[in-house]
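Undergrad: Just dropping this structure here.
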Number of protein chains: 2
Amino acid sequence: MPGCGMLASSNRFESNRFDGFGVRTASPETGYTLATISDVARYAGVSRSTVSHALSGKRTISLATRQRVNEAVRVLNYRANAGARALATARTMILALVVPFTPEEFAPATLQYVLVVTQTARSLGYDVLLVTQEEGADGIVRVAESNLVDGVIILDVKRRDPRADILSDIRQPGVLIGMPDGESTVDCVDLDFGAAGALLIDHLAERGHRDVIFLTLPDELFAQDLGYAWRFRSAALEQAERRGVALSMVRGLVDPSERAEALGAALDEHPTATALLVHNDAALIDLPQLLRQRRIEIPRDLSVVSIFSEQFGKMLALPYTAIDTASTAVAARGVELLVSRLAEPERPVVHEFIDLVLVDRGSSGTVA
Amino acid sequence: MPGCGMLASSNRFESNRFDGFGVRTASPETGYTLATISDVARYAGVSRSTVSHALSGKRTISLATRQRVNEAVRVLNYRANAGARALATARTMILALVVPFTPEEFAPATLQYVLVVTQTARSLGYDVLLVTQEEGADGIVRVAESNLVDGVIILDVKRRDPRADILSDIRQPGVLIGMPDGESTVDCVDLDFGAAGALLIDHLAERGHRDVIFLTLPDELFAQDLGYAWRFRSAALEQAERRGVALSMVRGLVDPSERAEALGAALDEHPTATALLVHNDAALIDLPQLLRQRRIEIPRDLSVVSIFSEQFGKMLALPYTAIDTASTAVAARGVELLVSRLAEPERPVVHEFIDLVLVDRGSSGTVA
DNA sequence: CTGAAAGCGCTTACAG
DNA sequence: CTGAAAGCGCTTACAG
């Protein structure tokens with residue numbers, strides 16, 4: 001198809017006739033070319049710098065000129081070329097989001113983070129580029145060093161996270177959604193999973209529970225050094241010790257059939273337990289059935305408290321008193337922190353916890 | 001912090017001394033600037049065009065020169081600026097992925113599509129930019145007209161999808177992961193949900209089942225005009241008619257507590273049914289419990305066949321004979337189609353179905 | 001309030 | 001086999 005290449009615009013500037021602009025042709029078959037800032041300037045009868053300033057608002061433009069520019073933009077359907085703008089400003093308005101791919105972890109929560117990060121970023125003027133865990137640290141370096149992104153968001157932060165170290169090697173700022181151990185030099189935000197574990201123990205202790213089953217995440221997630229897993233468990237164990245609560249720890253399993261069986265066995269082995277503390281989304285799927293099978297009524301026979309995301313709870317109608325993991329708030333705040341650092345690179349590093357909210361759904365009773 | 005701005009590189013080219021290159025300084029505190037192709041050219045003692053060609057391999061370069069360039073790239077840690085490259089080539093090597101945000105739909109499948117799309121794109125040299133459904137059609141137009149992306153991938157395709165129409169308004173090609181009604185002018189790939197519905201009916205009919213409960217997706221998803229929902233249901237109904245199978249349709253519900261109750265009621269209301277056909281992820285969560293409660297044994301008392309993704313099945317250990325939705329294959333193929341269209345814009349449009357695979361897990365028995 | 005010009009960092013005909 | 005130069009489409013000091 002000779003002579004109709006999409007970039008065949010070499011002589012677009014030769015003519016002064018207004019039909020020479022790079023507007024769309026009627027037929028998409030013939031190809032068309034997008035209007036550039038030069039087209040707009042010519043149509044409006046002003047300079048390119050005036051167009052640029054009129055659109056950015058970075059200097060005062062007379063009303064008449066501004067209107068002419070806006071009209072030209074409208075007629076020519078002009079939109080600034082992202083690459084050219086990025087080159088000129090050294091900002092891409094794109095954030096990288098490093099998405100975890102942890103088969104042992106539960107998908108609904110992960111998707112929620114991805115969606116909220118993207119929406120929040122958009123509301124602040126940024127787009128989101130995905131970097132898969134598969135590509136890992138290399139991916140972060142790649143998109144950073146090629147100046148493809150202005151900042152990096154990391155999910156599923158580990159206590160000792162190599163990806164956090166990489167952030168200090170690159171030009172762009174980053175934010176951790178999750179809390180690493182020690183004094184991170186990068187902004188981070190998370191739910192306070194330690195406080196959450198302690199709070200749930202307190203909740204049970206105050207109601208007289210002294211014999212509690214603690215159903216944790218599968219070992220595979222602890223092996224991945226995930227901060228939220230470790231912090232919740234450690235704090236729950238410590239607080240139980242402090243409050244004189246006997247905590248029988250039961251490890252969650254990844255395999256779904258073994259998973260339910262192990263949980264059932266744990267229930268059977270601890271007939272004296274008056275409460276169940278659950279930090280394990282997968283187990284929450286199995287739990288209702290297991291309790292019903294055993295004719296265990298909540299909270300009469302057993303109190304149950306847990307921690308899960310609002311979305312997950314709604315999906316399954318989980319009727320348990322629980323702390324909301326607040327994934328929406330955490331993810332949104334993470335993006336805000338990153339964007340604020342972009343605006344003010346020298347502001348002090350913040351390590352922020354989102355407020356804990358315990359939703360009482362009546363699944364915890366009092367022991368005499 | 002005067003004099004240490006990250007872009008303070010204006011006189012980088014004045015000096016011929018080799019310490020003038022834009023390599024990183026030891027301390028990240030002082031800021032640093034990335035090496036450009038000019039730095040590499042100077043270090044290697046060649047022209048910028050030679051560097052460019054040596055790296056792209058687009059023309060033959062003498063071994064000696066190539067080695068010098070590679071060494072310079074290594075020493076200066078050079079990586080091409082994405083924006084500059086995009087501007088010069090009119091290609092960004094980024095694909096837009098329009099992610100659905102359908103609360104009624106099940107998250108695990110959606111995340112799987114996102115992950116596979118991203119990984120496949122990477123393996124073909126592309127990055128993936130997320131466009132949320134929230135921003136909708138405007139988002140597609142925005143990233144396309146600003147030349148932020150080279151192509152667009154659309155998930156959760158509707159039978160009559162306005163986003164598919166938008167694809168013909170933009171310069172970039174698109175691909176639909178899902179099948180719209182009619183002769184789409186854009187490439188699309190999907191599982192053949194129509195054939196899937198018919199195949200499962202055949203499977204039951206061949207085993208003598210004549211009285212079958214058909215548990216469908218919630219009305220909310222049909223209301224969204226989702227192609228896979230409609231096609232599966234229509235085909236199942238038609239094929240049942242053809243094979244003389246009485247199909248009692250039970251609508252899935254979104255609310256999780258009503259959902260299980262309604263399904264239980266349906267089971268009770270159809271005691272003569274010998275089989276259950278399920279196209280509803282959420283219902284599959286509730287099903288094991290409901291069947292156990294009623295002491296219904298599979299396949300002795302009831303045959304169950306379904307359709308779900310491998311990932312979802314694994315998560316719940318679903319022991320049902322079922323068609324695999326093959327989300328991995330579908331998503332990967334979608335990206336391949338888009339990239340192949342990028343390479344060959346004039347190739348004929350393809351509407352492709354991924355092969356159906358029915359996995360027999362022994363949950364369907366024979367009726368005398 | 002506005003314009004001419006330089007520059008961002010690449011690629012790619014063009015010329016040798 | 002290699003280089004000088006133009007050009008991609010923006011923004012932003014600089015000058016008036």
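Residue names in the structure tokens use chain letters A, B, ... in the order shown, residue numbers from 1 in each chain, and ligand numbers from 1 in the order shown.
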Please return, as a list in words, all residues of chain A lying within 7 Å of chain B when only C-alpha atoms are considered.
TA: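 The complete set of qualifying residues is Arg79, Ala80, Asn81, Ala82, Gly83, Ala84, Ala86, Leu87, Ala107, Pro108, Leu111, Gln119, Val128, Leu129, Leu130, Thr132, Glu145, Ser146, Asn147, Leu148, Pro256, Ser257, Gln289, Met315, Leu316 and Ala317 of chain A.
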Undergrad: Take the residues from that selection and write them out as a JSON list (two decimals), in the first residue's frame, keeping C-alpha atoms.
TA:
```
[["chain", "number", "residue", "atom", "x", "y", "z"],
["A", 79, "ARG", "CA", -3.30, 15.32, 22.34],
["A", 80, "ALA", "CA", 0.31, 15.73, 23.38],
["A", 81, "ASN", "CA", 2.61, 12.88, 22.46],
["A", 82, "ALA", "CA", 3.57, 11.13, 25.65],
["A", 83, "GLY", "CA", 7.05, 10.17, 24.54],
["A", 84, "ALA", "CA", 7.95, 13.65, 23.39],
["A", 86, "ALA", "CA", 8.54, 12.62, 28.66],
["A", 87, "LEU", "CA", 11.72, 13.40, 26.78],
["A", 107, "ALA", "CA", -5.84, -13.82, 44.48],
["A", 108, "PRO", "CA", -8.79, -11.63, 45.48],
["A", 111, "LEU", "CA", -6.31, -7.97, 42.48],
["A", 119, "GLN", "CA", -7.29, 4.00, 40.11],
["A", 128, "VAL", "CA", 0.52, 2.29, 35.99],
["A", 129, "LEU", "CA", 2.89, -0.12, 34.31],
["A", 130, "LEU", "CA", 3.00, -3.70, 35.52],
["A", 132, "THR", "CA", 5.85, -9.06, 37.21],
["A", 145, "GLU", "CA", 17.00, 2.98, 34.10],
["A", 146, "SER", "CA", 15.27, 3.32, 30.77],
["A", 147, "ASN", "CA", 13.31, 6.15, 32.35],
["A", 148, "LEU", "CA", 10.08, 4.42, 31.56],
["A", 256, "PRO", "CA", -6.98, -27.45, 49.51],
["A", 257, "SER", "CA", -8.01, -30.96, 50.47],
["A", 289, "GLN", "CA", -18.55, -26.23, 56.56],
["A", 315, "MET", "CA", -17.52, -12.63, 48.61],
["A", 316, "LEU", "CA", -18.07, -15.34, 51.18],
["A", 317, "ALA", "CA", -20.42, -13.60, 53.60]]
```
Undergrad: List as a list of chain:residue names the protein and nucleic acid residues near stretch 3-5 of chain D, meaning an atom at most 8 Å away when only C-alpha atoms (C1' of nucleotides) are counted, but skip any in the same chain fewer than 2 places from it.
TA: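 My list of contacting residues is B:Ser47, B:Ser49, B:Thr50.
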Undergrad: In terms of the shortest atom-to-atom distance over only C-alpha atoms (C1' of nucleotides), which of A:Val212, A:Phe308, A:Leu63, A:Leu55 is closest to chain C?
TA: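 Checking each of A:Val212, A:Phe308, A:Leu63, A:Leu55 against chain C, counting only C-alpha atoms (C1' of nucleotides), the winner is A:Leu63.
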Undergrad: Taking only C-alpha atoms (C1' of nucleotides) into account, which residues of chain C are within 10 Å of chain A, as an MDAnalysis selection string?
TA: chainID C and resid 1:4 7:10
Undergrad: Residues of stretch 202-345 of chain A in alpha helix (DSSP H) according to DSSP, as an MDAnalysis selection string?
TA: chainID A and resid 202:206 219:223 227:243 256:269 281:293 310:316 327:343
Undergrad: What does the file look like for those residues with C-alpha atoms, as an mmCIF file, in the first residue's frame?
TA:
```cif
data_model
loop_
_atom_site.group_PDB
_atom_site.id
_atom_site.type_symbol
_atom_site.label_atom_id
_atom_site.label_comp_id
_atom_site.auth_asym_id
_atom_site.auth_seq_id
_atom_site.Cartn_x
_atom_site.Cartn_y
_atom_site.Cartn_z
ATOM 1 C CA ASP A 202 -6.811 -8.740 73.718
ATOM 2 C CA HIS A 203 -10.318 -8.990 72.364
ATOM 3 C CA LEU A 204 -10.448 -12.661 73.280
ATOM 4 C CA ALA A 205 -8.631 -12.281 76.596
ATOM 5 C CA GLU A 206 -11.031 -9.589 77.711
ATOM 6 C CA ASP A 219 4.525 -22.265 56.072
ATOM 7 C CA GLU A 220 5.175 -21.456 52.423
ATOM 8 C CA LEU A 221 4.254 -17.839 53.066
ATOM 9 C CA PHE A 222 6.442 -17.592 56.154
ATOM 10 C CA ALA A 223 9.253 -19.084 54.109
ATOM 11 C CA GLY A 227 6.235 -9.207 56.716
ATOM 12 C CA TYR A 228 2.516 -9.327 57.419
ATOM 13 C CA ALA A 229 2.606 -13.060 58.076
ATOM 14 C CA TRP A 230 5.462 -12.894 60.550
ATOM 15 C CA ARG A 231 4.389 -9.776 62.351
ATOM 16 C CA PHE A 232 0.850 -10.939 62.956
ATOM 17 C CA ARG A 233 1.955 -14.292 64.280
ATOM 18 C CA SER A 234 4.753 -13.026 66.494
ATOM 19 C CA ALA A 235 2.587 -10.351 68.036
ATOM 20 C CA ALA A 236 -0.281 -12.747 68.653
ATOM 21 C CA LEU A 237 2.037 -15.234 70.345
ATOM 22 C CA GLU A 238 3.656 -12.571 72.503
ATOM 23 C CA GLN A 239 0.435 -10.956 73.501
ATOM 24 C CA ALA A 240 -1.090 -14.321 74.358
ATOM 25 C CA GLU A 241 1.875 -15.033 76.580
ATOM 26 C CA ARG A 242 1.453 -11.655 78.236
ATOM 27 C CA ARG A 243 -2.266 -12.091 78.771
ATOM 28 C CA PRO A 256 -6.984 -27.449 49.510
ATOM 29 C CA SER A 257 -8.009 -30.965 50.472
ATOM 30 C CA GLU A 258 -5.320 -31.467 53.079
ATOM 31 C CA ARG A 259 -6.057 -27.960 54.229
ATOM 32 C CA ALA A 260 -9.627 -28.656 55.294
ATOM 33 C CA GLU A 261 -8.735 -31.997 56.779
ATOM 34 C CA ALA A 262 -5.949 -30.554 58.897
ATOM 35 C CA LEU A 263 -8.198 -27.812 60.136
ATOM 36 C CA GLY A 264 -10.900 -30.311 61.034
ATOM 37 C CA ALA A 265 -8.370 -32.451 62.857
ATOM 38 C CA ALA A 266 -7.139 -29.418 64.767
ATOM 39 C CA LEU A 267 -10.662 -28.633 65.879
ATOM 40 C CA ASP A 268 -11.127 -32.197 67.050
ATOM 41 C CA GLU A 269 -7.811 -32.248 68.908
ATOM 42 C CA ASP A 281 -8.042 -16.557 53.836
ATOM 43 C CA ALA A 282 -8.112 -20.041 52.390
ATOM 44 C CA ALA A 283 -9.073 -21.570 55.718
ATOM 45 C CA LEU A 284 -11.969 -19.155 55.982
ATOM 46 C CA ILE A 285 -13.474 -20.807 52.932
ATOM 47 C CA ASP A 286 -13.457 -24.203 54.589
ATOM 48 C CA LEU A 287 -14.374 -23.117 58.080
ATOM 49 C CA PRO A 288 -18.171 -22.739 57.885
ATOM 50 C CA GLN A 289 -18.552 -26.232 56.559
ATOM 51 C CA LEU A 290 -16.214 -27.764 59.144
ATOM 52 C CA LEU A 291 -17.994 -26.053 61.992
ATOM 53 C CA ARG A 292 -21.386 -27.104 60.726
ATOM 54 C CA GLN A 293 -20.264 -30.685 60.298
ATOM 55 C CA GLU A 310 -13.671 -6.391 53.135
ATOM 56 C CA GLN A 311 -13.864 -7.754 49.581
ATOM 57 C CA PHE A 312 -13.070 -11.273 50.648
ATOM 58 C CA GLY A 313 -15.559 -11.112 53.494
ATOM 59 C CA LYS A 314 -18.282 -9.957 51.152
ATOM 60 C CA MET A 315 -17.516 -12.626 48.613
ATOM 61 C CA LEU A 316 -18.074 -15.344 51.179
ATOM 62 C CA SER A 327 -6.377 -3.097 51.371
ATOM 63 C CA THR A 328 -8.098 -0.202 49.651
ATOM 64 C CA ALA A 329 -6.839 2.353 52.149
ATOM 65 C CA VAL A 330 -3.357 0.880 52.261
ATOM 66 C CA ALA A 331 -2.978 0.753 48.486
ATOM 67 C CA ALA A 332 -4.357 4.241 47.982
ATOM 68 C CA ARG A 333 -2.128 5.676 50.674
ATOM 69 C CA GLY A 334 0.890 4.015 49.129
ATOM 70 C CA VAL A 335 0.300 5.744 45.837
ATOM 71 C CA GLU A 336 -0.282 9.050 47.589
ATOM 72 C CA LEU A 337 3.012 8.743 49.408
ATOM 73 C CA LEU A 338 4.860 8.042 46.201
ATOM 74 C CA VAL A 339 3.280 10.943 44.380
ATOM 75 C CA SER A 340 3.959 13.270 47.282
ATOM 76 C CA ARG A 341 7.606 12.227 47.268
ATOM 77 C CA LEU A 342 7.733 12.933 43.547
ATOM 78 C CA ALA A 343 6.530 16.438 44.327
#
```
Undergrad: Report, in Å with one decimal, the straight-line distance from atom CA of A:Val304 to atom CA of A:Leu276.
TA: 4.7 Å
